[in-house]
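Peer 1: Input file: run_3.txt. Contents: compact mmCIF, N, CA and C atoms.
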```txt
# COMPACT_ATOMS: atom_id res chain seq x y z
N MET A 158 -5.44 -20.16 13.51
CA MET A 158 -5.13 -18.79 13.11
C MET A 158 -5.88 -18.49 11.81
N THR A 159 -6.56 -17.36 11.78
CA THR A 159 -7.32 -16.99 10.59
C THR A 159 -6.39 -16.41 9.52
N ASN A 160 -6.89 -16.36 8.30
CA ASN A 160 -6.11 -15.78 7.20
C ASN A 160 -5.75 -14.33 7.46
N GLN A 161 -6.68 -13.56 8.05
CA GLN A 161 -6.41 -12.15 8.36
C GLN A 161 -5.34 -12.02 9.43
N GLU A 162 -5.34 -12.92 10.41
CA GLU A 162 -4.30 -12.91 11.44
C GLU A 162 -2.92 -13.17 10.84
N ILE A 163 -2.86 -14.09 9.89
CA ILE A 163 -1.59 -14.38 9.21
C ILE A 163 -1.10 -13.13 8.49
N ILE A 164 -1.97 -12.48 7.73
CA ILE A 164 -1.59 -11.27 6.99
C ILE A 164 -1.13 -10.18 7.96
N SER A 165 -1.81 -10.06 9.11
CA SER A 165 -1.43 -9.02 10.07
C SER A 165 -0.06 -9.28 10.70
N LYS A 166 0.41 -10.50 10.67
CA LYS A 166 1.73 -10.83 11.23
C LYS A 166 2.87 -10.64 10.23
N LEU A 167 2.54 -10.36 8.99
CA LEU A 167 3.59 -10.15 7.99
C LEU A 167 4.45 -8.95 8.38
N PRO A 168 5.76 -9.05 8.22
CA PRO A 168 6.66 -7.96 8.62
C PRO A 168 6.84 -6.90 7.53
N TYR A 169 5.78 -6.62 6.79
CA TYR A 169 5.84 -5.66 5.68
C TYR A 169 4.72 -4.63 5.85
N PHE A 170 4.93 -3.46 5.25
CA PHE A 170 3.93 -2.41 5.23
C PHE A 170 3.83 -1.87 3.81
N LYS A 171 2.70 -1.25 3.48
CA LYS A 171 2.57 -0.60 2.17
C LYS A 171 3.63 0.48 2.07
N PRO A 172 4.30 0.64 0.98
CA PRO A 172 4.00 0.07 -0.33
C PRO A 172 4.70 -1.26 -0.59
N PHE A 173 5.27 -1.91 0.43
CA PHE A 173 5.98 -3.16 0.19
C PHE A 173 5.23 -4.38 0.71
N LEU A 174 3.95 -4.24 0.98
CA LEU A 174 3.10 -5.37 1.34
C LEU A 174 2.38 -5.81 0.08
N PHE A 175 2.64 -7.05 -0.35
CA PHE A 175 2.09 -7.54 -1.61
C PHE A 175 1.14 -8.73 -1.40
N VAL A 176 0.28 -8.61 -0.39
CA VAL A 176 -0.71 -9.65 -0.11
C VAL A 176 -2.05 -8.95 0.11
N ASP A 177 -3.03 -9.26 -0.73
CA ASP A 177 -4.38 -8.72 -0.52
C ASP A 177 -5.24 -9.68 0.28
N GLU A 178 -5.22 -10.96 -0.14
CA GLU A 178 -6.04 -11.93 0.57
C GLU A 178 -5.46 -13.33 0.41
N LEU A 179 -5.72 -14.14 1.42
CA LEU A 179 -5.38 -15.57 1.36
C LEU A 179 -6.67 -16.33 1.12
N LEU A 180 -6.68 -17.15 0.10
CA LEU A 180 -7.88 -17.90 -0.27
C LEU A 180 -7.92 -19.26 0.41
N ARG A 181 -6.73 -19.85 0.61
CA ARG A 181 -6.62 -21.18 1.22
C ARG A 181 -5.24 -21.31 1.83
N ILE A 182 -5.17 -21.94 2.99
CA ILE A 182 -3.87 -22.23 3.59
C ILE A 182 -4.01 -23.47 4.46
N ASP A 183 -3.05 -24.38 4.33
CA ASP A 183 -2.99 -25.56 5.19
C ASP A 183 -1.53 -25.99 5.27
N GLU A 184 -1.25 -27.11 5.90
CA GLU A 184 0.14 -27.52 6.11
C GLU A 184 0.89 -27.87 4.83
N ASN A 185 0.17 -27.98 3.71
CA ASN A 185 0.80 -28.35 2.45
C ASN A 185 0.98 -27.20 1.47
N GLY A 186 0.33 -26.06 1.73
CA GLY A 186 0.47 -24.96 0.80
C GLY A 186 -0.49 -23.82 1.07
N VAL A 187 -0.46 -22.85 0.15
CA VAL A 187 -1.25 -21.64 0.32
C VAL A 187 -1.63 -21.09 -1.05
N GLU A 188 -2.77 -20.41 -1.12
CA GLU A 188 -3.18 -19.68 -2.31
C GLU A 188 -3.61 -18.29 -1.87
N GLY A 189 -3.19 -17.28 -2.64
CA GLY A 189 -3.56 -15.92 -2.30
C GLY A 189 -3.54 -15.03 -3.52
N THR A 190 -3.97 -13.77 -3.33
CA THR A 190 -4.06 -12.82 -4.45
C THR A 190 -3.41 -11.50 -4.09
N TYR A 191 -3.07 -10.78 -5.15
CA TYR A 191 -2.58 -9.41 -5.02
C TYR A 191 -2.93 -8.67 -6.31
N THR A 192 -3.39 -7.42 -6.18
CA THR A 192 -3.65 -6.56 -7.33
C THR A 192 -2.65 -5.42 -7.32
N PHE A 193 -1.98 -5.21 -8.45
CA PHE A 193 -0.94 -4.19 -8.56
C PHE A 193 -1.55 -2.80 -8.73
N ASP A 194 -1.27 -1.93 -7.78
CA ASP A 194 -1.73 -0.55 -7.81
C ASP A 194 -0.95 0.20 -8.88
N GLU A 195 -1.64 0.85 -9.78
CA GLU A 195 -0.99 1.57 -10.88
C GLU A 195 -0.11 2.72 -10.40
N ASN A 196 -0.26 3.15 -9.15
CA ASN A 196 0.52 4.27 -8.62
C ASN A 196 1.81 3.86 -7.92
N LEU A 197 2.14 2.57 -7.94
CA LEU A 197 3.40 2.13 -7.33
C LEU A 197 4.57 2.81 -8.04
N ASP A 198 5.54 3.27 -7.26
CA ASP A 198 6.66 4.07 -7.79
C ASP A 198 7.43 3.41 -8.92
N PHE A 199 7.64 2.10 -8.86
CA PHE A 199 8.48 1.47 -9.88
C PHE A 199 7.88 1.54 -11.27
N TYR A 200 6.56 1.75 -11.38
CA TYR A 200 5.94 1.87 -12.71
C TYR A 200 6.35 3.15 -13.43
N LYS A 201 6.82 4.16 -12.68
CA LYS A 201 7.21 5.42 -13.30
C LYS A 201 8.43 5.27 -14.20
N GLY A 202 9.26 4.27 -13.94
CA GLY A 202 10.48 4.14 -14.73
C GLY A 202 10.69 2.77 -15.33
N HIS A 203 9.71 1.89 -15.24
CA HIS A 203 9.88 0.51 -15.74
C HIS A 203 8.66 0.12 -16.54
N PHE A 204 8.52 0.37 -17.73
CA PHE A 204 9.35 1.03 -18.72
C PHE A 204 8.66 2.30 -19.15
N LYS A 205 9.42 3.23 -19.72
CA LYS A 205 8.87 4.52 -20.14
C LYS A 205 7.71 4.30 -21.11
N ASP A 206 6.57 4.89 -20.79
CA ASP A 206 5.35 4.84 -21.60
C ASP A 206 4.75 3.44 -21.75
N ASN A 207 5.30 2.45 -21.07
CA ASN A 207 4.76 1.09 -21.14
C ASN A 207 5.09 0.36 -19.83
N PRO A 208 4.44 0.76 -18.73
CA PRO A 208 4.80 0.20 -17.43
C PRO A 208 4.57 -1.31 -17.34
N VAL A 209 5.59 -2.01 -16.83
CA VAL A 209 5.56 -3.45 -16.63
C VAL A 209 6.09 -3.72 -15.22
N THR A 210 5.52 -4.68 -14.54
CA THR A 210 5.97 -5.03 -13.20
C THR A 210 7.33 -5.73 -13.28
N PRO A 211 8.32 -5.24 -12.54
CA PRO A 211 9.65 -5.87 -12.56
C PRO A 211 9.61 -7.31 -12.02
N GLY A 212 10.44 -8.16 -12.59
CA GLY A 212 10.52 -9.55 -12.15
C GLY A 212 10.84 -9.70 -10.68
N VAL A 213 11.67 -8.82 -10.16
CA VAL A 213 12.01 -8.90 -8.73
C VAL A 213 10.78 -8.66 -7.86
N ILE A 214 9.85 -7.84 -8.32
CA ILE A 214 8.61 -7.60 -7.57
C ILE A 214 7.69 -8.82 -7.69
N LEU A 215 7.63 -9.43 -8.87
CA LEU A 215 6.84 -10.65 -9.02
C LEU A 215 7.37 -11.74 -8.08
N THR A 216 8.68 -11.83 -7.99
CA THR A 216 9.32 -12.79 -7.08
C THR A 216 8.94 -12.48 -5.63
N GLU A 217 8.94 -11.20 -5.28
CA GLU A 217 8.59 -10.79 -3.92
C GLU A 217 7.14 -11.15 -3.59
N VAL A 218 6.23 -10.95 -4.53
CA VAL A 218 4.82 -11.31 -4.31
C VAL A 218 4.71 -12.81 -4.05
N MET A 219 5.39 -13.59 -4.88
CA MET A 219 5.35 -15.05 -4.70
C MET A 219 5.97 -15.44 -3.36
N ALA A 220 7.04 -14.77 -2.95
CA ALA A 220 7.69 -15.09 -1.67
C ALA A 220 6.80 -14.70 -0.49
N GLN A 221 6.18 -13.52 -0.54
CA GLN A 221 5.34 -13.09 0.59
C GLN A 221 4.16 -14.01 0.79
N ILE A 222 3.47 -14.35 -0.30
CA ILE A 222 2.30 -15.22 -0.17
C ILE A 222 2.71 -16.68 -0.05
N GLY A 223 3.56 -17.12 -0.96
CA GLY A 223 3.88 -18.54 -1.07
C GLY A 223 4.84 -19.08 -0.05
N LEU A 224 5.62 -18.22 0.59
CA LEU A 224 6.62 -18.68 1.54
C LEU A 224 6.38 -18.11 2.94
N VAL A 225 6.31 -16.79 3.05
CA VAL A 225 6.21 -16.16 4.37
C VAL A 225 4.85 -16.44 5.02
N CYS A 226 3.75 -16.28 4.27
CA CYS A 226 2.44 -16.58 4.86
C CYS A 226 2.36 -18.04 5.29
N LEU A 227 2.88 -18.93 4.45
CA LEU A 227 2.87 -20.35 4.80
C LEU A 227 3.74 -20.61 6.03
N GLY A 228 4.90 -19.96 6.09
CA GLY A 228 5.77 -20.11 7.25
C GLY A 228 5.11 -19.65 8.54
N ILE A 229 4.41 -18.53 8.48
CA ILE A 229 3.69 -18.03 9.66
C ILE A 229 2.64 -19.05 10.10
N TYR A 230 1.93 -19.60 9.13
CA TYR A 230 0.91 -20.62 9.44
C TYR A 230 1.55 -21.85 10.08
N LEU A 231 2.65 -22.32 9.51
CA LEU A 231 3.30 -23.53 10.03
C LEU A 231 3.88 -23.32 11.42
N LEU A 232 4.42 -22.12 11.67
CA LEU A 232 4.99 -21.83 12.99
C LEU A 232 3.92 -21.50 14.02
N ASN A 233 2.75 -21.08 13.54
CA ASN A 233 1.61 -20.74 14.38
C ASN A 233 2.00 -19.78 15.49
N ASP A 234 1.81 -20.13 16.73
CA ASP A 234 2.05 -19.20 17.84
C ASP A 234 3.51 -18.95 18.15
N THR A 235 4.42 -19.73 17.55
CA THR A 235 5.84 -19.47 17.82
C THR A 235 6.39 -18.36 16.93
N PHE A 236 5.62 -17.91 15.93
CA PHE A 236 6.02 -16.77 15.10
C PHE A 236 5.69 -15.49 15.86
N ASN A 237 6.71 -14.63 16.08
CA ASN A 237 6.47 -13.38 16.80
C ASN A 237 7.40 -12.29 16.26
N LYS A 238 7.44 -11.15 16.95
CA LYS A 238 8.21 -10.01 16.47
C LYS A 238 9.71 -10.25 16.44
N THR A 239 10.18 -11.25 17.16
CA THR A 239 11.62 -11.54 17.15
C THR A 239 12.00 -12.60 16.12
N THR A 240 11.01 -13.15 15.43
CA THR A 240 11.28 -14.13 14.38
C THR A 240 11.92 -13.44 13.19
N SER A 241 12.98 -14.03 12.67
CA SER A 241 13.68 -13.48 11.50
C SER A 241 13.32 -14.29 10.26
N ILE A 242 13.18 -13.58 9.15
CA ILE A 242 12.86 -14.19 7.87
C ILE A 242 13.94 -13.79 6.88
N ALA A 243 14.45 -14.76 6.12
CA ALA A 243 15.46 -14.45 5.11
C ALA A 243 15.24 -15.33 3.89
N LEU A 244 15.23 -14.71 2.73
CA LEU A 244 15.16 -15.44 1.47
C LEU A 244 16.51 -16.09 1.23
N THR A 245 16.54 -17.39 0.93
CA THR A 245 17.83 -18.06 0.72
C THR A 245 18.09 -18.43 -0.73
N SER A 246 17.03 -18.71 -1.49
CA SER A 246 17.26 -19.04 -2.90
C SER A 246 15.96 -18.92 -3.71
N THR A 247 16.14 -18.57 -4.97
CA THR A 247 15.01 -18.53 -5.90
C THR A 247 15.47 -19.08 -7.25
N GLU A 248 14.57 -19.73 -7.90
CA GLU A 248 14.79 -20.17 -9.28
C GLU A 248 13.46 -19.96 -9.99
N ILE A 249 13.32 -18.80 -10.62
CA ILE A 249 12.04 -18.39 -11.19
C ILE A 249 12.14 -18.30 -12.71
N GLU A 250 11.13 -18.79 -13.38
CA GLU A 250 11.00 -18.67 -14.82
C GLU A 250 9.85 -17.70 -15.10
N PHE A 251 10.14 -16.62 -15.82
CA PHE A 251 9.14 -15.61 -16.15
C PHE A 251 8.59 -15.88 -17.53
N LEU A 252 7.25 -15.94 -17.65
CA LEU A 252 6.61 -16.36 -18.89
C LEU A 252 5.78 -15.28 -19.56
N LYS A 253 5.17 -14.39 -18.76
CA LYS A 253 4.32 -13.32 -19.31
C LYS A 253 4.50 -12.06 -18.46
N PRO A 254 4.29 -10.89 -19.07
CA PRO A 254 4.38 -9.65 -18.30
C PRO A 254 3.14 -9.46 -17.42
N VAL A 255 3.32 -8.66 -16.37
CA VAL A 255 2.21 -8.25 -15.49
C VAL A 255 2.18 -6.74 -15.52
N PHE A 256 1.00 -6.18 -15.74
CA PHE A 256 0.84 -4.75 -15.91
C PHE A 256 0.13 -4.11 -14.72
N PRO A 257 0.17 -2.77 -14.61
CA PRO A 257 -0.55 -2.09 -13.54
C PRO A 257 -2.03 -2.47 -13.56
N LYS A 258 -2.65 -2.54 -12.41
CA LYS A 258 -4.06 -2.88 -12.18
C LYS A 258 -4.37 -4.37 -12.34
N GLU A 259 -3.37 -5.18 -12.68
CA GLU A 259 -3.62 -6.62 -12.84
C GLU A 259 -3.69 -7.31 -11.49
N LYS A 260 -4.60 -8.26 -11.40
CA LYS A 260 -4.72 -9.10 -10.22
C LYS A 260 -4.05 -10.43 -10.54
N VAL A 261 -3.24 -10.92 -9.59
CA VAL A 261 -2.56 -12.19 -9.79
C VAL A 261 -2.93 -13.16 -8.65
N TRP A 262 -2.88 -14.44 -8.98
CA TRP A 262 -3.12 -15.51 -8.03
C TRP A 262 -1.82 -16.26 -7.83
N ILE A 263 -1.48 -16.52 -6.58
CA ILE A 263 -0.27 -17.25 -6.25
C ILE A 263 -0.70 -18.58 -5.64
N ILE A 264 -0.12 -19.65 -6.17
CA ILE A 264 -0.39 -21.00 -5.67
C ILE A 264 0.95 -21.58 -5.25
N SER A 265 1.05 -21.95 -3.98
CA SER A 265 2.31 -22.46 -3.44
C SER A 265 2.09 -23.85 -2.85
N GLU A 266 3.05 -24.73 -3.13
CA GLU A 266 3.01 -26.09 -2.61
C GLU A 266 4.31 -26.34 -1.84
N LYS A 267 4.17 -26.73 -0.59
CA LYS A 267 5.35 -26.97 0.25
C LYS A 267 6.13 -28.17 -0.29
N VAL A 268 7.44 -27.97 -0.45
CA VAL A 268 8.34 -29.07 -0.80
C VAL A 268 8.83 -29.69 0.50
N TYR A 269 9.34 -28.84 1.40
CA TYR A 269 9.69 -29.29 2.76
C TYR A 269 9.80 -28.11 3.70
N PHE A 270 9.68 -28.42 4.99
CA PHE A 270 9.90 -27.46 6.06
C PHE A 270 10.62 -28.21 7.18
N ARG A 271 11.91 -27.95 7.33
CA ARG A 271 12.68 -28.60 8.38
C ARG A 271 13.86 -27.73 8.78
N PHE A 272 14.22 -27.80 10.05
CA PHE A 272 15.33 -27.03 10.61
C PHE A 272 15.22 -25.54 10.30
N GLY A 273 14.00 -25.04 10.27
CA GLY A 273 13.76 -23.63 10.02
C GLY A 273 13.83 -23.22 8.56
N LYS A 274 14.04 -24.17 7.65
CA LYS A 274 14.09 -23.83 6.22
C LYS A 274 12.82 -24.33 5.54
N LEU A 275 12.17 -23.41 4.83
CA LEU A 275 10.95 -23.71 4.08
C LEU A 275 11.26 -23.58 2.60
N LYS A 276 10.91 -24.60 1.85
CA LYS A 276 11.11 -24.59 0.39
C LYS A 276 9.78 -24.91 -0.26
N CYS A 277 9.39 -24.09 -1.25
CA CYS A 277 8.09 -24.25 -1.90
C CYS A 277 8.20 -24.15 -3.42
N LYS A 278 7.31 -24.87 -4.08
CA LYS A 278 7.09 -24.73 -5.51
C LYS A 278 5.96 -23.71 -5.65
N VAL A 279 6.22 -22.61 -6.38
CA VAL A 279 5.27 -21.50 -6.43
C VAL A 279 4.98 -21.13 -7.88
N GLU A 280 3.72 -20.82 -8.16
CA GLU A 280 3.36 -20.31 -9.48
C GLU A 280 2.44 -19.11 -9.34
N MET A 281 2.47 -18.24 -10.34
CA MET A 281 1.62 -17.06 -10.39
C MET A 281 0.81 -17.13 -11.67
N LYS A 282 -0.49 -16.83 -11.53
CA LYS A 282 -1.38 -16.79 -12.70
C LYS A 282 -2.04 -15.41 -12.77
N ASN A 283 -2.36 -14.98 -13.99
CA ASN A 283 -3.07 -13.71 -14.17
C ASN A 283 -4.58 -13.95 -14.16
N GLU A 284 -5.34 -12.88 -14.39
CA GLU A 284 -6.80 -12.97 -14.34
C GLU A 284 -7.39 -13.89 -15.40
N LYS A 285 -6.65 -14.13 -16.48
CA LYS A 285 -7.11 -15.04 -17.52
C LYS A 285 -6.79 -16.49 -17.19
N GLY A 286 -6.11 -16.71 -16.06
CA GLY A 286 -5.71 -18.06 -15.69
C GLY A 286 -4.41 -18.50 -16.34
N GLU A 287 -3.74 -17.57 -17.01
CA GLU A 287 -2.48 -17.89 -17.68
C GLU A 287 -1.33 -17.84 -16.68
N GLU A 288 -0.42 -18.78 -16.82
CA GLU A 288 0.74 -18.80 -15.94
C GLU A 288 1.68 -17.66 -16.30
N VAL A 289 2.01 -16.83 -15.32
CA VAL A 289 2.87 -15.66 -15.50
C VAL A 289 4.32 -16.02 -15.18
N CYS A 290 4.51 -16.72 -14.07
CA CYS A 290 5.85 -17.18 -13.68
C CYS A 290 5.70 -18.35 -12.74
N ARG A 291 6.81 -19.10 -12.60
CA ARG A 291 6.80 -20.27 -11.72
C ARG A 291 8.22 -20.56 -11.28
N GLY A 292 8.33 -21.28 -10.19
CA GLY A 292 9.66 -21.64 -9.75
C GLY A 292 9.68 -22.20 -8.34
N ILE A 293 10.90 -22.25 -7.81
CA ILE A 293 11.15 -22.75 -6.47
C ILE A 293 11.70 -21.59 -5.64
N ILE A 294 11.15 -21.39 -4.45
CA ILE A 294 11.62 -20.36 -3.55
C ILE A 294 11.88 -21.00 -2.19
N ALA A 295 12.99 -20.62 -1.58
CA ALA A 295 13.32 -21.15 -0.25
C ALA A 295 13.73 -20.00 0.66
N GLY A 296 13.49 -20.20 1.95
CA GLY A 296 13.87 -19.19 2.92
C GLY A 296 14.04 -19.80 4.29
N MET A 297 14.67 -19.03 5.16
CA MET A 297 14.88 -19.43 6.55
C MET A 297 13.93 -18.63 7.44
N ILE A 298 13.33 -19.30 8.38
CA ILE A 298 12.48 -18.65 9.36
C ILE A 298 12.98 -19.11 10.73
N VAL A 299 13.64 -18.19 11.45
CA VAL A 299 14.22 -18.56 12.75
C VAL A 299 13.86 -17.54 13.82
```
Show this structure as structure tokens.

Peer 2:
Amino acid sequence: MTNQEIISKLPYFKPFLFVDELLRIDENGVEGTYTFDENLDFYKGHFKDNPVTPGVILTEVMAQIGLVCLGIYLLNDTFNKTTSIALTSTEIEFLKPVFPKEKVWIISEKVYFRFGKLKCKVEMKNEKGEEVCRGIIAGMIV
């Protein structure tokens, strides 16, 4: 399965699709990028005159690339429209803000995938290579 095929199978649409490209994916992990569009609605109110990407959105970017894309790859042809995805736990440490127009890199390393549960160690870096946030994300894919 190609990287573009994986992205096309994601159950998200703009403005809630937070995957631009996958740089690498294999059975042990995934790397991908996303650039924040300055016109996203949440920037209008978070924060006044100083827009910052909310932590919940940073978590979602890490989950879409670091967990869901990897899950689709691992399930390969068994992933289809009836497959359900659910986030089960996150433990994220936020280190730096992310602003409109910033491009981020997500690096995910599989901790385990068994009984439909995928758990990954995920980190996000900004264009300067600085770590923005990191943590553990887990979800169910059934």

Peer 1: Do you know which residues are at most 6 Å from Glu259 (chain A) counting all atoms listed in the file, after dropping those on the same chain fewer than 2 positions away, and could you put them as a VMD selection string?

Peer 2: chain A and resid 191 to 193 256 to 257 261

Peer 1: Between A:Thr210, A:Thr247, A:Asn283, A:Ser241, which one has atoms that come closest to Val225 (chain A), using only C-alpha atoms?

Peer 2: A:Ser241

Peer 1: For region 268-273 of chain A, find every residue with an atom within 6.5 Å (counting all atoms listed in the file), except residues of its own chain fewer than 5 positions away, and show them as a list in words.

Peer 2: Lys278, Gly296, Met297, Ile298 and Val299 of chain A

Peer 1: Restricting the calculation to all atoms listed in the file: of A:Met158, A:Arg291, A:Leu275, A:Asp194, which residue gets closest to Asp234 (chain A)?

Peer 2: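 Checking each candidate against Asp234 (chain A), we get A:Met158 as the closest.
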
Peer 1: Please identify the strand (DSSP E or B) residues within chain A (assignment by DSSP from backbone atoms) and present them as a VMD selection string.

Peer 2: chain A and resid 178 to 183 186 to 192 242 to 251 260 to 271 274 to 282 288 to 298

Peer 1: Which value, in Å to one decimal, gives the distance between CA of Ala295 (chain A) and atom C of Pro168 (chain A)?

Peer 2: 17.5 Å

Peer 1: Enumerate, as a VMD selection string, the protein, DNA and RNA residues whose atoms approach (2.7, -30.1, 0.0) to within 6 Å, taking into account only C-alpha atoms and the coordinate frame of the file.

Peer 2: chain A and resid 185 to 186 266 to 268

Peer 1: So, counting all atoms listed in the file, which residue among A:Ile182, A:Leu252, A:Ile293, A:Val187 is closest to Ile264 (chain A)?

Peer 2: A:Val187

Peer 1: With all atoms listed in the file as the atoms that count, which of A:Asn160, A:Lys282, A:Lys166, A:Asn196 lies nearest to Phe236 (chain A)?

Peer 2: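 Closest residue, counting all atoms listed in the file: A:Lys166.
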
Peer 1: One number please: CA of Phe199 (chain A) to CA of Gly223 (chain A), in Å, one decimal.

Peer 2: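 For CA of Phe199 (chain A) relative to CA of Gly223 (chain A), the distance reads 22.3 Å.
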
Peer 1: At what distance in Å, to one decimal, does CA of Gln221 (chain A) lie from CA of Ser165 (chain A)?

Peer 2: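 Separating CA of Ser165 (chain A) from CA of Gln221 (chain A) is a distance of 12.3 Å.
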
Peer 1: Measuring between only C-alpha atoms, which one of A:Gly228, A:Pro208, A:Pro254, A:Gly286 shows the shortest distance to Glu195 (chain A)?

Peer 2: A:Pro208

Peer 1: Based on the backbone DSSP call, show me all residues of region 185-226 of chain A assigned alpha helix (DSSP H), as a PyMOL selection string.

Peer 2: chain A and resi 212-220

Peer 1: Which of these residues is nearest to Glu250 (chain A), using only N, CA and C atoms: A:Gly202, A:Phe175, A:Gly292, A:Pro211?

Peer 2: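 With only N, CA and C atoms as the atom set, the closest residue is A:Gly292.
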
Peer 1: In the coordinates of the file, take the point (2.9, -18.1, -11.3) and a cut-off of 6 Å; then, counting all atoms listed in the file, name each qualifying protein, DNA or RNA residue as a list in words.

Peer 2: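 Those within range, by chain then number, are Val279, Glu280, Met281, Lys282, Glu288, Val289, Cys290 and Arg291 of chain A.
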